[in-house]
Amino acid sequence: TLGVHAMRHINRYPRQGMRLTLMLLPFVLMIAAWFIGSAVRLEANPQDKLLPGLSQMIAAIDRMAFTPDKRSGEYLLWADTLISMSRLLIGLALSSLIGLGIGIAAGVFPMYRAALSPLMTVVSMIPPLAILPVLFIVFGLDELSKVMLIVIGITPMLARDLEQRAREIPAELFIKAQTLGANSWTVVLRVVLPQLLSRLITSLRLLLGSAWLFLISAEAISATAGLGYRIFLVRRYMAMDVIIPYVIWITLLAWLMDLALRQLHKACFPWAEGGRA
């Protein structure tokens with residue numbers, strides 16, 4: 001019986017070397033398929049722009065990142081990155097503060113929960129991109145509307161997640177704290193806040209993709225700089241040699257942000273790591 005169980009795929013685990021191979025294999029296959037397709041298309045038509053080769057993308061990276069723009073004198077990739085990252089980080093910071101406040105209020109105080117919980121449920125169902133024109137009308141076409149799209153897009157989901165986490169805290173902890181003389185705000189600061197700050201970092205990691213989506217969408221529609229603006233600007237020229245490095249760069253930035261949040265969680269809340277695992 002043990003021999004039969006050992007042969008089932010559900011009981012087979014990759015060894016260390018095989019795990020690394022399996023991790024890299026999909027990426028190697030995608031890159032190989034891209035360059036084979038590129039070589040075939042460029043051989044048939046050297047002017048083809050759909051599948052640029054490595055040399056074309058390297059030339060585009062050099063032009064965008066290491067050569068000053070003739071009009072502005074800026075290095076466009078770094079200027080776009082700085083602007084987009086500032087918008088994203090401000091949006092995430094505001095969303096975190098608002099989401100944490102609503103999560104604590106709705107998760108801990110029953111009176112606030114009665115009003116806030118249904119509101120967050122309804123607001124979280126509104127597609128943020130559908131109200132993008134409203135944001136441009138209300139907040140203008142400058143920076144505020146782009147930041148507000150991120151805030152409106154992820155705050156309701158963040159607040160609902162934090163509220164749920166607050167409601168999962170065992171009632172015994174609240175009873176013990178109050179028995180020891182803690183008032184409501186002491187309970188929030190000493191019992192609830194550490195739990196929710198841990199969950200906040202995890203929730204931000206899960207919502208990073210959505211935040212980038214809202215940022216790129218806003219920049220594509222109304223912006224004069226930024227990573228999303230640049231991608232949609234050059235698409236009219238079918239400049240895939242620029243678009244693909246920009247997409248890879250955005251992916252790398254998102255991965256680095258996720259890594260930073262993961263390390264922050266390990267450093268600040270080591271007690272939560274074991275429970276999560």
# chains A, B, ... in the order shown; residues from 1 in each chain; ligands from 1
>>> closest_atom_pairs(of="range 56-90 of chain A", to="range 205-214 of chain A", cutoff="12 Å", atoms="only C-alpha atoms", output="Markdown table")
| residue | atom | partner | partner_atom | distance |
| --- | --- | --- | --- | --- |
| A:Ser84 | CA | A:Trp212 | CA | 9.3 |
| A:Met85 | CA | A:Trp212 | CA | 9.6 |
| A:Arg87 | CA | A:Trp212 | CA | 10.1 |
| A:Leu88 | CA | A:Ala211 | CA | 7.2 |
| A:Leu89 | CA | A:Ala211 | CA | 9.6 |
| A:Ile90 | CA | A:Ala211 | CA | 11.1 |
>>> residues_around(residues="Ile216 in chain A", least_positions_apart="5", cutoff="8 Å", atoms="only C-alpha atoms", output="list in words")
Leu227, Gly228 and Tyr229 of chain A
>>> residues_around(residues="Ile201 in chain A", least_positions_apart="6", cutoff="10 Å", atoms="only C-alpha atoms", output="mmCIF file with N, CA, C and O atoms, in the first residue's frame")
data_model
loop_
_atom_site.group_PDB
_atom_site.id
_atom_site.type_symbol
_atom_site.label_atom_id
_atom_site.label_comp_id
_atom_site.auth_asym_id
_atom_site.auth_seq_id
_atom_site.Cartn_x
_atom_site.Cartn_y
_atom_site.Cartn_z
ATOM 1 N N SER A 96 -3.997 52.849 2.511
ATOM 2 C CA SER A 96 -3.676 52.124 3.738
ATOM 3 C C SER A 96 -4.248 52.833 4.958
ATOM 4 O O SER A 96 -4.843 52.197 5.838
ATOM 5 N N LEU A 207 -2.971 43.316 -3.398
ATOM 6 C CA LEU A 207 -3.634 44.357 -4.190
ATOM 7 C C LEU A 207 -2.669 45.168 -5.046
ATOM 8 O O LEU A 207 -3.104 46.096 -5.734
ATOM 9 N N ASP A 258 6.683 43.893 -4.020
ATOM 10 C CA ASP A 258 6.162 42.729 -3.304
ATOM 11 C C ASP A 258 7.235 42.145 -2.386
ATOM 12 O O ASP A 258 6.965 41.799 -1.234
ATOM 13 N N LEU A 261 7.709 44.389 0.668
ATOM 14 C CA LEU A 261 6.623 44.213 1.637
ATOM 15 C C LEU A 261 6.750 42.883 2.376
ATOM 16 O O LEU A 261 6.482 42.807 3.583
ATOM 17 N N ARG A 262 7.192 41.843 1.659
ATOM 18 C CA ARG A 262 7.369 40.543 2.298
ATOM 19 C C ARG A 262 8.467 40.608 3.366
ATOM 20 O O ARG A 262 8.312 40.071 4.472
ATOM 21 N N LEU A 264 9.482 43.332 4.908
ATOM 22 C CA LEU A 264 8.977 44.186 5.984
ATOM 23 C C LEU A 264 8.090 43.394 6.932
ATOM 24 O O LEU A 264 8.169 43.547 8.164
ATOM 25 N N HIS A 265 7.258 42.527 6.376
ATOM 26 C CA HIS A 265 6.378 41.698 7.200
ATOM 27 C C HIS A 265 7.188 40.751 8.070
ATOM 28 O O HIS A 265 6.906 40.585 9.274
ATOM 29 N N PHE A 269 6.719 41.557 11.900
ATOM 30 C CA PHE A 269 5.728 40.639 12.474
ATOM 31 C C PHE A 269 6.184 39.185 12.328
ATOM 32 O O PHE A 269 5.507 38.371 11.678
#
>>> residues_around(residues="range 164-180 of chain A", least_positions_apart="5", cutoff="9 Å", atoms="only C-alpha atoms", output="list in words")
Gly103, Ile104, Ala106, Gly107, Val108, Ala159, Thr186, Val187, Arg190, Val191, Val192, Leu193, Gln195, Leu196 and Arg199 of chain A
>>> closest_residue(among="A:Thr121, A:Ser145, A:Thr251, A:Gln263", to="Ser217 in chain A", atoms="only C-alpha atoms")
A:Ser145
>>> atom_distance(atom1="CA of Ile126 in chain A", atom2="CA of Val147 in chain A")
17.2 Å
>>> closest_residue(among="A:Met157, A:Met30, A:Ile98, A:Ala59", to="Val122 in chain A", atoms="only C-alpha atoms")
A:Met157
>>> residues_around(residues="Asp48 in chain A", least_positions_apart="6", cutoff="9 Å", atoms="only C-alpha atoms", output="PyMOL selection string")
chain A and resi 38+41-42
>>> closest_residue(among="A:Cys268, A:Ile221, A:Leu50, A:Leu256", to="Pro194 in chain A", atoms="only C-alpha atoms")
A:Cys268
>>> residues_around(residues="Leu132 in chain A", least_positions_apart="3", cutoff="8 Å", atoms="only C-alpha atoms", output="JSON, numbers by chain")
{"A": [128, 129, 135, 136, 149, 218]}
>>> select_by_dssp(residues="range 17-262 of chain A", states="alpha helix (DSSP H)", output="PyMOL selection string")
chain A and resi 17-44+54-65+76-108+110-124+132-139+143-168+171-179+184-187+193-221+227-234+240-262
>>> residues_around(residues="Leu54 in chain A", least_positions_apart="3", cutoff="10 Å", atoms="only C-alpha atoms", output="PyMOL selection string")
chain A and resi 34-35+38-39+51+57-60+241
>>> write_last_selection(atoms="C-alpha atoms", output="compact mmCIF listing (two decimals), in the first residue's frame")
# COMPACT_ATOMS: atom_id res chain seq x y z
CA TRP A 34 9.66 34.78 -28.53
CA PHE A 35 13.14 34.90 -30.05
CA SER A 38 11.17 37.08 -33.87
CA ALA A 39 13.98 35.57 -35.91
CA LEU A 51 8.23 40.70 -32.61
CA MET A 57 15.07 46.09 -27.66
CA ILE A 58 18.58 46.83 -26.35
CA ALA A 59 18.76 49.81 -28.71
CA ALA A 60 15.36 51.00 -27.46
CA ASP A 241 10.78 47.40 -28.95
>>> atom_distance(atom1="CA of Ile154 in chain A", atom2="CA of Ser95 in chain A")
6.8 Å
